[in-house]
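Structure below is query.cif: mmCIF, N, CA and C atoms.
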data_work
loop_
_atom_site.label_atom_id
_atom_site.label_comp_id
_atom_site.auth_asym_id
_atom_site.auth_seq_id
_atom_site.Cartn_x
_atom_site.Cartn_y
_atom_site.Cartn_z
N MET W 27 -62.76 -60.97 -182.47
CA MET W 27 -62.41 -62.32 -182.87
C MET W 27 -60.89 -62.45 -182.83
N ALA W 28 -60.40 -63.59 -182.35
CA ALA W 28 -58.97 -63.82 -182.22
C ALA W 28 -58.35 -64.04 -183.59
N GLU W 29 -57.14 -63.52 -183.75
CA GLU W 29 -56.42 -63.69 -185.01
C GLU W 29 -55.83 -65.10 -185.07
N LEU W 30 -56.01 -65.76 -186.20
CA LEU W 30 -55.45 -67.09 -186.38
C LEU W 30 -53.97 -66.99 -186.69
N LYS W 31 -53.16 -67.80 -186.02
CA LYS W 31 -51.72 -67.81 -186.25
C LYS W 31 -51.35 -69.11 -186.97
N GLN W 32 -50.31 -69.00 -187.77
CA GLN W 32 -49.82 -70.18 -188.48
C GLN W 32 -49.15 -71.13 -187.51
N ILE W 33 -49.43 -72.41 -187.65
CA ILE W 33 -48.82 -73.43 -186.82
C ILE W 33 -47.99 -74.33 -187.72
N ASN W 34 -46.71 -74.47 -187.41
CA ASN W 34 -45.84 -75.37 -188.15
C ASN W 34 -45.80 -76.72 -187.44
N PHE W 35 -45.87 -77.80 -188.20
CA PHE W 35 -45.82 -79.12 -187.59
C PHE W 35 -45.18 -80.11 -188.56
N THR W 36 -44.73 -81.22 -187.99
CA THR W 36 -44.14 -82.30 -188.76
C THR W 36 -44.98 -83.55 -188.53
N ILE W 37 -45.29 -84.26 -189.60
CA ILE W 37 -46.06 -85.51 -189.49
C ILE W 37 -45.07 -86.67 -189.48
N VAL W 38 -45.22 -87.56 -188.51
CA VAL W 38 -44.37 -88.75 -188.42
C VAL W 38 -45.25 -89.99 -188.33
N PRO W 39 -44.79 -91.11 -188.89
CA PRO W 39 -45.58 -92.34 -188.81
C PRO W 39 -45.71 -92.83 -187.38
N ASP W 40 -46.88 -93.33 -187.02
CA ASP W 40 -47.11 -93.93 -185.71
C ASP W 40 -47.73 -95.30 -185.94
N ASP W 41 -46.90 -96.34 -185.89
CA ASP W 41 -47.39 -97.68 -186.17
C ASP W 41 -47.93 -98.38 -184.92
N GLY W 42 -48.06 -97.64 -183.83
CA GLY W 42 -48.62 -98.22 -182.61
C GLY W 42 -47.76 -99.32 -182.02
N GLY W 43 -46.47 -99.32 -182.34
CA GLY W 43 -45.56 -100.32 -181.80
C GLY W 43 -45.59 -101.66 -182.52
N ARG W 44 -46.39 -101.78 -183.57
CA ARG W 44 -46.50 -103.06 -184.29
C ARG W 44 -45.20 -103.40 -184.99
N GLY W 45 -44.65 -102.44 -185.72
CA GLY W 45 -43.40 -102.67 -186.42
C GLY W 45 -43.49 -103.71 -187.52
N GLU W 46 -44.69 -104.08 -187.94
CA GLU W 46 -44.83 -105.11 -188.96
C GLU W 46 -44.55 -104.53 -190.34
N ARG W 47 -43.97 -105.35 -191.20
CA ARG W 47 -43.66 -104.94 -192.57
C ARG W 47 -44.26 -105.96 -193.52
N THR W 48 -44.54 -105.50 -194.74
CA THR W 48 -45.08 -106.37 -195.77
C THR W 48 -44.11 -106.40 -196.93
N TYR W 49 -43.69 -107.60 -197.35
CA TYR W 49 -42.74 -107.75 -198.45
C TYR W 49 -43.47 -107.76 -199.78
N ALA W 50 -42.93 -107.03 -200.75
CA ALA W 50 -43.45 -107.04 -202.11
C ALA W 50 -42.27 -106.87 -203.06
N ASN W 51 -42.27 -107.63 -204.16
CA ASN W 51 -41.18 -107.51 -205.13
C ASN W 51 -41.70 -107.15 -206.52
N PHE W 52 -42.95 -106.67 -206.57
CA PHE W 52 -43.54 -106.21 -207.83
C PHE W 52 -44.54 -105.11 -207.50
N CYS W 53 -44.58 -104.09 -208.34
CA CYS W 53 -45.53 -103.00 -208.14
C CYS W 53 -46.19 -102.65 -209.47
N ALA W 54 -47.51 -102.77 -209.51
CA ALA W 54 -48.28 -102.34 -210.68
C ALA W 54 -48.81 -100.94 -210.38
N ILE W 55 -48.74 -100.06 -211.37
CA ILE W 55 -49.14 -98.66 -211.16
C ILE W 55 -50.27 -98.33 -212.12
N SER W 56 -51.33 -97.76 -211.56
CA SER W 56 -52.44 -97.29 -212.39
C SER W 56 -52.84 -95.90 -211.90
N GLN W 57 -53.65 -95.22 -212.69
CA GLN W 57 -54.02 -93.86 -212.29
C GLN W 57 -55.43 -93.53 -212.73
N THR W 58 -56.00 -92.57 -212.03
CA THR W 58 -57.26 -91.96 -212.41
C THR W 58 -56.93 -90.49 -212.64
N PRO W 59 -57.88 -89.68 -213.02
CA PRO W 59 -57.58 -88.24 -213.15
C PRO W 59 -57.23 -87.58 -211.81
N PHE W 60 -57.48 -88.28 -210.69
CA PHE W 60 -57.32 -87.67 -209.38
C PHE W 60 -56.17 -88.22 -208.55
N ASP W 61 -55.77 -89.48 -208.82
CA ASP W 61 -54.77 -90.10 -207.97
C ASP W 61 -54.04 -91.22 -208.69
N CYS W 62 -53.08 -91.78 -208.00
CA CYS W 62 -52.25 -92.86 -208.53
C CYS W 62 -52.37 -94.03 -207.56
N THR W 63 -52.58 -95.24 -208.09
CA THR W 63 -52.69 -96.42 -207.23
C THR W 63 -51.48 -97.31 -207.44
N LEU W 64 -50.82 -97.63 -206.34
CA LEU W 64 -49.67 -98.53 -206.34
C LEU W 64 -50.15 -99.86 -205.75
N THR W 65 -50.10 -100.91 -206.56
CA THR W 65 -50.52 -102.23 -206.10
C THR W 65 -49.27 -103.08 -205.94
N PHE W 66 -48.95 -103.41 -204.69
CA PHE W 66 -47.74 -104.17 -204.39
C PHE W 66 -48.07 -105.65 -204.29
N CYS W 67 -47.28 -106.48 -204.98
CA CYS W 67 -47.50 -107.93 -205.03
C CYS W 67 -46.23 -108.67 -204.67
N GLU W 68 -46.40 -109.94 -204.34
CA GLU W 68 -45.25 -110.81 -204.12
C GLU W 68 -45.25 -111.86 -205.22
N VAL W 69 -44.27 -111.79 -206.09
CA VAL W 69 -44.15 -112.74 -207.19
C VAL W 69 -43.22 -113.86 -206.73
N LEU W 70 -43.78 -115.06 -206.75
CA LEU W 70 -43.00 -116.22 -206.34
C LEU W 70 -42.50 -116.96 -207.57
N PRO W 71 -41.34 -117.61 -207.49
CA PRO W 71 -40.84 -118.36 -208.65
C PRO W 71 -41.82 -119.48 -209.00
N LEU W 72 -41.94 -119.75 -210.30
CA LEU W 72 -42.77 -120.86 -210.75
C LEU W 72 -42.06 -122.17 -210.44
N SER W 73 -42.84 -123.16 -210.08
CA SER W 73 -42.25 -124.48 -209.82
C SER W 73 -41.95 -125.16 -211.16
N GLU W 74 -41.12 -126.20 -211.12
CA GLU W 74 -40.81 -126.96 -212.32
C GLU W 74 -42.09 -127.52 -212.94
N GLU W 75 -43.00 -127.97 -212.08
CA GLU W 75 -44.28 -128.51 -212.54
C GLU W 75 -45.09 -127.46 -213.29
N GLU W 76 -45.16 -126.24 -212.74
CA GLU W 76 -45.90 -125.15 -213.40
C GLU W 76 -45.28 -124.80 -214.74
N ILE W 77 -43.96 -124.77 -214.80
CA ILE W 77 -43.27 -124.45 -216.06
C ILE W 77 -43.55 -125.52 -217.11
N ARG W 78 -43.46 -126.79 -216.71
CA ARG W 78 -43.76 -127.88 -217.66
C ARG W 78 -45.20 -127.79 -218.16
N SER W 79 -46.12 -127.51 -217.25
CA SER W 79 -47.53 -127.42 -217.62
C SER W 79 -47.77 -126.27 -218.60
N LEU W 80 -47.14 -125.13 -218.34
CA LEU W 80 -47.30 -123.97 -219.23
C LEU W 80 -46.70 -124.26 -220.61
N ASN W 81 -45.55 -124.90 -220.64
CA ASN W 81 -44.92 -125.23 -221.91
C ASN W 81 -45.75 -126.24 -222.70
N ALA W 82 -46.41 -127.15 -222.01
CA ALA W 82 -47.20 -128.17 -222.68
C ALA W 82 -48.49 -127.59 -223.26
N THR W 83 -49.12 -126.67 -222.53
CA THR W 83 -50.42 -126.14 -222.97
C THR W 83 -50.28 -125.01 -223.98
N SER W 84 -49.25 -124.18 -223.84
CA SER W 84 -49.12 -123.05 -224.77
C SER W 84 -47.64 -122.71 -224.98
N PRO W 85 -46.91 -123.56 -225.67
CA PRO W 85 -45.48 -123.29 -225.87
C PRO W 85 -45.25 -122.01 -226.67
N GLY W 86 -44.36 -121.18 -226.16
CA GLY W 86 -43.99 -119.95 -226.85
C GLY W 86 -44.98 -118.81 -226.71
N ALA W 87 -46.11 -119.06 -226.09
CA ALA W 87 -47.12 -118.00 -225.95
C ALA W 87 -46.83 -117.15 -224.71
N ASP W 88 -47.33 -115.92 -224.73
CA ASP W 88 -47.22 -115.07 -223.54
C ASP W 88 -48.12 -115.65 -222.45
N THR W 89 -47.60 -115.70 -221.27
CA THR W 89 -48.32 -116.31 -220.16
C THR W 89 -48.56 -115.27 -219.08
N VAL W 90 -49.71 -115.33 -218.46
CA VAL W 90 -50.04 -114.44 -217.35
C VAL W 90 -49.79 -115.18 -216.05
N VAL W 91 -48.99 -114.60 -215.18
CA VAL W 91 -48.72 -115.17 -213.86
C VAL W 91 -49.41 -114.27 -212.85
N ARG W 92 -50.28 -114.84 -212.06
CA ARG W 92 -51.00 -114.06 -211.05
C ARG W 92 -50.16 -113.98 -209.78
N ALA W 93 -50.01 -112.77 -209.27
CA ALA W 93 -49.22 -112.55 -208.07
C ALA W 93 -50.14 -112.06 -206.96
N PRO W 94 -50.02 -112.63 -205.77
CA PRO W 94 -50.87 -112.20 -204.66
C PRO W 94 -50.63 -110.73 -204.31
N VAL W 95 -51.72 -109.98 -204.16
CA VAL W 95 -51.62 -108.57 -203.76
C VAL W 95 -51.33 -108.52 -202.27
N ARG W 96 -50.29 -107.79 -201.90
CA ARG W 96 -49.92 -107.64 -200.49
C ARG W 96 -50.39 -106.31 -199.92
N ALA W 97 -50.47 -105.28 -200.78
CA ALA W 97 -50.96 -103.97 -200.32
C ALA W 97 -51.35 -103.14 -201.53
N ARG W 98 -52.34 -102.30 -201.35
CA ARG W 98 -52.74 -101.36 -202.41
C ARG W 98 -52.79 -99.98 -201.76
N VAL W 99 -52.04 -99.05 -202.33
CA VAL W 99 -51.94 -97.70 -201.77
C VAL W 99 -52.39 -96.70 -202.82
N VAL W 100 -53.35 -95.87 -202.46
CA VAL W 100 -53.82 -94.81 -203.35
C VAL W 100 -53.17 -93.51 -202.89
N VAL W 101 -52.48 -92.84 -203.82
CA VAL W 101 -51.72 -91.64 -203.50
C VAL W 101 -52.23 -90.47 -204.34
N PRO W 102 -52.63 -89.37 -203.69
CA PRO W 102 -53.04 -88.20 -204.49
C PRO W 102 -51.85 -87.63 -205.24
N PHE W 103 -52.11 -87.06 -206.41
CA PHE W 103 -51.02 -86.53 -207.25
C PHE W 103 -50.17 -85.49 -206.51
N GLN W 104 -50.75 -84.77 -205.56
CA GLN W 104 -49.99 -83.75 -204.84
C GLN W 104 -48.86 -84.37 -204.01
N VAL W 105 -48.98 -85.64 -203.65
CA VAL W 105 -47.97 -86.31 -202.83
C VAL W 105 -46.84 -86.90 -203.68
N LEU W 106 -47.13 -87.17 -204.95
CA LEU W 106 -46.16 -87.87 -205.81
C LEU W 106 -44.80 -87.19 -205.95
N PRO W 107 -44.71 -85.87 -206.13
CA PRO W 107 -43.37 -85.28 -206.27
C PRO W 107 -42.46 -85.56 -205.06
N ASN W 108 -43.01 -85.46 -203.84
CA ASN W 108 -42.19 -85.74 -202.65
C ASN W 108 -41.87 -87.23 -202.55
N LEU W 109 -42.80 -88.08 -202.95
CA LEU W 109 -42.55 -89.52 -202.94
C LEU W 109 -41.44 -89.87 -203.92
N VAL W 110 -41.50 -89.34 -205.12
CA VAL W 110 -40.47 -89.59 -206.13
C VAL W 110 -39.11 -89.08 -205.64
N ALA W 111 -39.08 -87.89 -205.07
CA ALA W 111 -37.82 -87.33 -204.56
C ALA W 111 -37.24 -88.21 -203.45
N ALA W 112 -38.09 -88.70 -202.56
CA ALA W 112 -37.61 -89.56 -201.47
C ALA W 112 -37.07 -90.88 -202.01
N LEU W 113 -37.76 -91.46 -202.99
CA LEU W 113 -37.29 -92.71 -203.58
C LEU W 113 -35.97 -92.51 -204.32
N GLN W 114 -35.84 -91.39 -205.03
CA GLN W 114 -34.57 -91.11 -205.72
C GLN W 114 -33.44 -90.95 -204.73
N GLU W 115 -33.70 -90.30 -203.60
CA GLU W 115 -32.68 -90.14 -202.56
C GLU W 115 -32.28 -91.51 -202.00
N GLN W 116 -33.25 -92.38 -201.78
CA GLN W 116 -32.94 -93.72 -201.29
C GLN W 116 -32.08 -94.48 -202.30
N LEU W 117 -32.40 -94.36 -203.58
CA LEU W 117 -31.60 -95.03 -204.61
C LEU W 117 -30.18 -94.48 -204.65
N ARG W 118 -30.04 -93.17 -204.50
CA ARG W 118 -28.69 -92.58 -204.46
C ARG W 118 -27.91 -93.14 -203.27
N ASN W 119 -28.55 -93.25 -202.12
CA ASN W 119 -27.87 -93.77 -200.92
C ASN W 119 -27.48 -95.22 -201.08
N VAL W 120 -28.34 -96.03 -201.68
CA VAL W 120 -28.02 -97.44 -201.90
C VAL W 120 -26.90 -97.56 -202.91
N GLY W 121 -26.89 -96.69 -203.92
CA GLY W 121 -25.87 -96.72 -204.96
C GLY W 121 -24.48 -96.40 -204.43
N THR W 122 -24.39 -95.67 -203.32
CA THR W 122 -23.09 -95.30 -202.77
C THR W 122 -22.67 -96.22 -201.63
N THR W 123 -23.51 -97.20 -201.28
CA THR W 123 -23.17 -98.12 -200.20
C THR W 123 -22.16 -99.14 -200.68
N PRO W 124 -21.03 -99.31 -199.96
CA PRO W 124 -20.05 -100.31 -200.39
C PRO W 124 -20.61 -101.71 -200.24
N GLY W 125 -20.14 -102.63 -201.08
CA GLY W 125 -20.59 -104.02 -200.99
C GLY W 125 -21.76 -104.28 -201.90
N PRO W 126 -22.29 -105.51 -201.82
CA PRO W 126 -23.35 -105.91 -202.75
C PRO W 126 -24.71 -105.28 -202.44
N GLY W 127 -24.86 -104.61 -201.32
CA GLY W 127 -26.15 -104.01 -200.97
C GLY W 127 -26.93 -104.92 -200.04
N PRO W 128 -28.11 -104.47 -199.66
CA PRO W 128 -28.89 -105.24 -198.69
C PRO W 128 -29.41 -106.55 -199.28
N VAL W 129 -29.52 -107.53 -198.43
CA VAL W 129 -30.07 -108.82 -198.81
C VAL W 129 -31.41 -108.97 -198.14
N HIS W 130 -32.43 -109.31 -198.91
CA HIS W 130 -33.78 -109.44 -198.34
C HIS W 130 -34.11 -110.88 -198.14
#

Would you encode the structure as structure tokens?
Amino acid sequence: MAELKQINFTIVPDDGGRGERTYANFCAISQTPFDCTLTFCEVLPLSEEEIRSLNATSPGADTVVRAPVRARVVVPFQVLPNLVAALQEQLRNVGTTPGPGPVH
């Protein structure tokens, strides 16, 4: 029987040339004993009409604003340390960028 040899490889994203991106400005995080779910949403500003309506029906009360879900990603816990490290590195890089930073 042939001896198995270790193969080193690198995984890179292949978006098939689509290059499409999804914008989200809110992330809700939940977990199970096995994984972590990141639910990305786009929160839009409330209109003046919506604000007036909310103030009229329940002034001073906590209000729930529903945000459309743009993507839901389930991540196994084994991936989280590398994800956190990559995000921290990105924050460090943005923090050292001169000027006001990127505009979305």

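Minimum atom-to-atom distance to Val95 (chain W), evaluated using all atoms listed in the file, belongs to W:Thr65 out of W:Asp41, W:Glu46, W:Thr65, W:Pro59.
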
Original post:
So which residues get picked by the PyMOL selection byres ((chain W and resi 96) around 6) here, written as an MDAnalysis selection string?
Top reply: chainID W and resid 66:68 94:95 97:98

Only N, CA and C atoms, please: the residues just picked out, written as a compact mmCIF listing (two decimals), in the coordinates of the input.
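Saved as again.txt:
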# COMPACT_ATOMS: atom_id res chain seq x y z
N PHE W 66 -48.95 -103.41 -204.69
CA PHE W 66 -47.74 -104.17 -204.39
C PHE W 66 -48.07 -105.65 -204.29
N CYS W 67 -47.28 -106.48 -204.98
CA CYS W 67 -47.50 -107.93 -205.03
C CYS W 67 -46.23 -108.67 -204.67
N GLU W 68 -46.40 -109.94 -204.34
CA GLU W 68 -45.25 -110.81 -204.12
C GLU W 68 -45.25 -111.86 -205.22
N PRO W 94 -50.02 -112.63 -205.77
CA PRO W 94 -50.87 -112.20 -204.66
C PRO W 94 -50.63 -110.73 -204.31
N VAL W 95 -51.72 -109.98 -204.16
CA VAL W 95 -51.62 -108.57 -203.76
C VAL W 95 -51.33 -108.52 -202.27
N ALA W 97 -50.47 -105.28 -200.78
CA ALA W 97 -50.96 -103.97 -200.32
C ALA W 97 -51.35 -103.14 -201.53
N ARG W 98 -52.34 -102.30 -201.35
CA ARG W 98 -52.74 -101.36 -202.41
C ARG W 98 -52.79 -99.98 -201.76

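Note that the spacing between atom N of Thr89 (chain W) and atom C of Glu76 (chain W) amounts to 11.4 Å.
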
Subject >> Atom-to-atom span, CA of Leu64 (chain W) and CA of Ala111 (chain W), Å >> reply: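 It comes out at 16.4 Å.
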
**OP:** Tell me which of W:Val69, W:Val100, W:Val91, W:Pro39 sits closest to Asn51 (chain W), counting all atoms listed in the file.
**Re:** W:Val69

Subject >> Neighbour list for Asp61 (chain W) as a PyMOL selection string, cut-off 6 Å, all atoms listed in the file, skip fewer than 4 positions in-chain >> reply: chain W and resi 56-57+101-103

**OP:** Record the distance separating CA of Leu106 (chain W) and CA of Cys62 (chain W), expressed in Å with one decimal.
**Re:**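 Here the two named atoms are 8.3 Å from each other.
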
Strand (DSSP E) positions in region 67-101 of chain W, given as a PDB file with N, CA and C atoms, in the coordinates of the input:
ATOM      1  N   CYS W  67     -47.280-106.480-204.980  1.00  0.00           N
ATOM      2  CA  CYS W  67     -47.500-107.930-205.030  1.00  0.00           C
ATOM      3  C   CYS W  67     -46.230-108.670-204.670  1.00  0.00           C
ATOM      4  N   VAL W  95     -51.720-109.980-204.160  1.00  0.00           N
ATOM      5  CA  VAL W  95     -51.620-108.570-203.760  1.00  0.00           C
ATOM      6  C   VAL W  95     -51.330-108.520-202.270  1.00  0.00           C
ATOM      7  N   ARG W  96     -50.290-107.790-201.900  1.00  0.00           N
ATOM      8  CA  ARG W  96     -49.920-107.640-200.490  1.00  0.00           C
ATOM      9  C   ARG W  96     -50.390-106.310-199.920  1.00  0.00           C
ATOM     10  N   ALA W  97     -50.470-105.280-200.780  1.00  0.00           N
ATOM     11  CA  ALA W  97     -50.960-103.970-200.320  1.00  0.00           C
ATOM     12  C   ALA W  97     -51.350-103.140-201.530  1.00  0.00           C
ATOM     13  N   ARG W  98     -52.340-102.300-201.350  1.00  0.00           N
ATOM     14  CA  ARG W  98     -52.740-101.360-202.410  1.00  0.00           C
ATOM     15  C   ARG W  98     -52.790 -99.980-201.760  1.00  0.00           C
ATOM     16  N   VAL W  99     -52.040 -99.050-202.330  1.00  0.00           N
ATOM     17  CA  VAL W  99     -51.940 -97.700-201.770  1.00  0.00           C
ATOM     18  C   VAL W  99     -52.390 -96.700-202.820  1.00  0.00           C
ATOM     19  N   VAL W 100     -53.350 -95.870-202.460  1.00  0.00           N
ATOM     20  CA  VAL W 100     -53.820 -94.810-203.350  1.00  0.00           C
ATOM     21  C   VAL W 100     -53.170 -93.510-202.890  1.00  0.00           C
ATOM     22  N   VAL W 101     -52.480 -92.840-203.820  1.00  0.00           N
ATOM     23  CA  VAL W 101     -51.720 -91.640-203.500  1.00  0.00           C
ATOM     24  C   VAL W 101     -52.230 -90.470-204.340  1.00  0.00           C
TER      25      VAL W 101
END

Subject >> Residue set, region 32-121 of chain W restricted to helix (DSSP H, G or I), as a list in words >> reply: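 After running DSSP on the backbone, region 32-121 of chain W has helix (DSSP H, G or I) at Glu74, Glu75, Glu76, Ile77, Arg78, Ser79, Leu80, Asn81, Ala82, Thr83, Leu106, Pro107, Asn108, Leu109, Val110, Ala111, Ala112, Leu113, Gln114, Glu115, Gln116, Leu117, Arg118, Asn119, Val120 and Gly121 of chain W.
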
Subject >> Distance criterion (only N, CA and C atoms): nearest to Ala93 (chain W) out of W:Gly121, W:Leu70, W:Ile33, W:Gly45 >> reply: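 Of all the options, W:Leu70 lies closest to Ala93 (chain W).
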